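Here's the structure we're looking at; comments come further down.
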Amino acid sequence: MVPASLSPIFNTFTQQQPLFLLRNHRSISVGKIPIKRILAIDYGTKRTGLAKTDPFCSFAQPVGTFSPEKIISVIESFLQDNSIEKIIVGYPLNSDGTKNPMTGIVDCFIEELAAAFPDIPVETIDEHGSSKQAGKVLIESGLSRKKRQQKGRLDSAAACLLLQHYLESTGKA
């Protein structure tokens with residue numbers, strides 16, 4: 001049973017017109033408001049992990065692991081059903097903050113992303129240690145060694161960690 005004070009909201013929610021909670025404004029708005037998600041990419045030369053935010057940009061969710069050659073088409077497919085506010089790319093730096101050989105490869109990938117999606121801002125976030133941290137998270141989650149060693153599981157977990165770190169550092173989480 002719905003309390004009388006919430007009845008107008010509940011009725012609106014159950015009708016055809018969707019109800020959206022706007023997290024940043026802390027209010028309820030009715031109507032077809034596009035919800036923009038943030039994507040995070042843990043780019044690798046063999047596998048690329050992809051994560052997305054929930055509809056309210058509060059936490060990260062894994063999307064999967066894809067070959068680097070297919071990641072642009074995966075994002076294009078994602079765009080058919082979702083709006084993207086921005087794309088976060090893990091930026092490989094050494095522990096002292098200097099660039100390494102992988103940094104140049106990621107720079108080329110970022111240029112490719114910017115060309116493919118000119119209307120979506122691309123930002124970088126330091127990914128130093130993200131794969132190691134993702135491995136620890138997978139161990140702590142109780143996954144068996146066999147499941148933890150499945151190709152791609154670590155990459156999508158690393159993308160989730162990058163995105164969650166971004167959300168926490170910007171105050172969105």
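For the structure tokens, the naming scheme is as follows: chains receive sequential letters (A, B, ...) according to their order of presentation, residues are indexed from 1 within each chain, and ligands are indexed from 1 in presentation order.
Near stretch 69-82 of chain A, within 8 Å and counting only C-alpha atoms, sit A:Ile35, A:Lys36, A:Arg37, A:Thr48, A:Leu113, A:Ala116, not including residues fewer than 6 positions from it in the same chain.
The environment of A:Thr53 within 7 Å, counting only C-alpha atoms and disregarding residues fewer than 4 places along the same chain, consists of Arg37, Ile38, Leu39, Cys57, Ser58, Phe59, Ala60 and Gln61 of chain A.
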Let me see the file: selected residues, N, CA and C atoms, as a compact mmCIF listing (two decimals), in the first residue's frame.
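Printed below is selection_18.txt as written:
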# COMPACT_ATOMS: atom_id res chain seq x y z
N ARG A 37 25.52 8.62 -18.33
CA ARG A 37 26.44 7.77 -17.59
C ARG A 37 27.87 8.20 -17.88
N ILE A 38 28.76 7.74 -17.03
CA ILE A 38 30.19 7.94 -17.25
C ILE A 38 30.78 6.56 -17.53
N LEU A 39 31.64 6.48 -18.53
CA LEU A 39 32.32 5.24 -18.85
C LEU A 39 33.77 5.34 -18.40
N CYS A 57 24.99 7.93 -11.41
CA CYS A 57 26.42 8.21 -11.27
C CYS A 57 26.90 8.10 -9.83
N SER A 58 26.43 7.09 -9.13
CA SER A 58 26.82 6.88 -7.74
C SER A 58 27.89 5.81 -7.58
N PHE A 59 27.85 4.78 -8.42
CA PHE A 59 28.83 3.71 -8.30
C PHE A 59 29.12 3.10 -9.66
N ALA A 60 30.23 2.37 -9.72
CA ALA A 60 30.69 1.77 -10.97
C ALA A 60 30.18 0.34 -11.12
N GLN A 61 29.93 -0.04 -12.37
CA GLN A 61 29.48 -1.39 -12.69
C GLN A 61 30.31 -1.90 -13.87
Spatial neighbours of A:Pro62, 6 Å, only C-alpha atoms, chain gap at least 4 places, as a ChimeraX atom specification = /A:51,156,160
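Taking only C-alpha atoms into account, A:Gly97 lies nearest to A:Ile125 out of the set A:Ile125, A:Ile41, A:Leu161, A:Leu50.
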inquiry  = Considering only C-alpha atoms, can you say which of A:Glu127, A:Leu162, A:Pro121, A:Cys108 comes closest to A:Ser95?
reply    = A:Glu127
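Straight-line separation from atom CA of A:Lys46 to atom CA of A:Ala114: 21.0 Å.
Here atom CA of A:Asn94 and atom CA of A:Gly171 stand 25.9 Å from one another.
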request  = In Å, rounded to a single decimal, give me how far atom CA of A:Ile87 is from atom CA of A:Pro118.
outcome  = 11.3 Å
message = Please list as number ranges by chain every residue within 7 Å of A:Arg47, counting only C-alpha atoms and excluding residues in the same chain fewer than 6 positions away.
response = A: 65-68, 152
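The protein and nucleic acid residues lying at most 8 Å from A:Thr103 are A:Tyr91, A:Pro92, A:Leu93, A:Lys99, A:Asn100, A:Pro101, A:Ile105, A:Val106, A:Asp107, with only C-alpha atoms considered and sequence neighbours fewer than 2 positions away removed.
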Can you write out the residues you just picked, keeping C-alpha atoms, as an mmCIF file, in the first residue's frame?
data_model
loop_
_atom_site.group_PDB
_atom_site.id
_atom_site.type_symbol
_atom_site.label_atom_id
_atom_site.label_comp_id
_atom_site.auth_asym_id
_atom_site.auth_seq_id
_atom_site.Cartn_x
_atom_site.Cartn_y
_atom_site.Cartn_z
ATOM 1 C CA TYR A 91 46.503 6.690 -17.805
ATOM 2 C CA PRO A 92 49.582 4.545 -17.224
ATOM 3 C CA LEU A 93 52.295 6.384 -15.323
ATOM 4 C CA LYS A 99 55.503 8.404 -18.573
ATOM 5 C CA ASN A 100 56.307 4.893 -19.729
ATOM 6 C CA PRO A 101 56.055 3.088 -23.109
ATOM 7 C CA ILE A 105 49.931 3.826 -26.776
ATOM 8 C CA VAL A 106 47.160 5.158 -24.533
ATOM 9 C CA ASP A 107 47.709 8.685 -25.913
#
inquiry  = I'd like to know which residues of stretch 38-167 of chain A are strand (DSSP E) (by DSSP, run on the backbone); could you write them as a PyMOL selection string?
reply    = chain A and resi 38-42+48-53+60-66+83-91+122-126
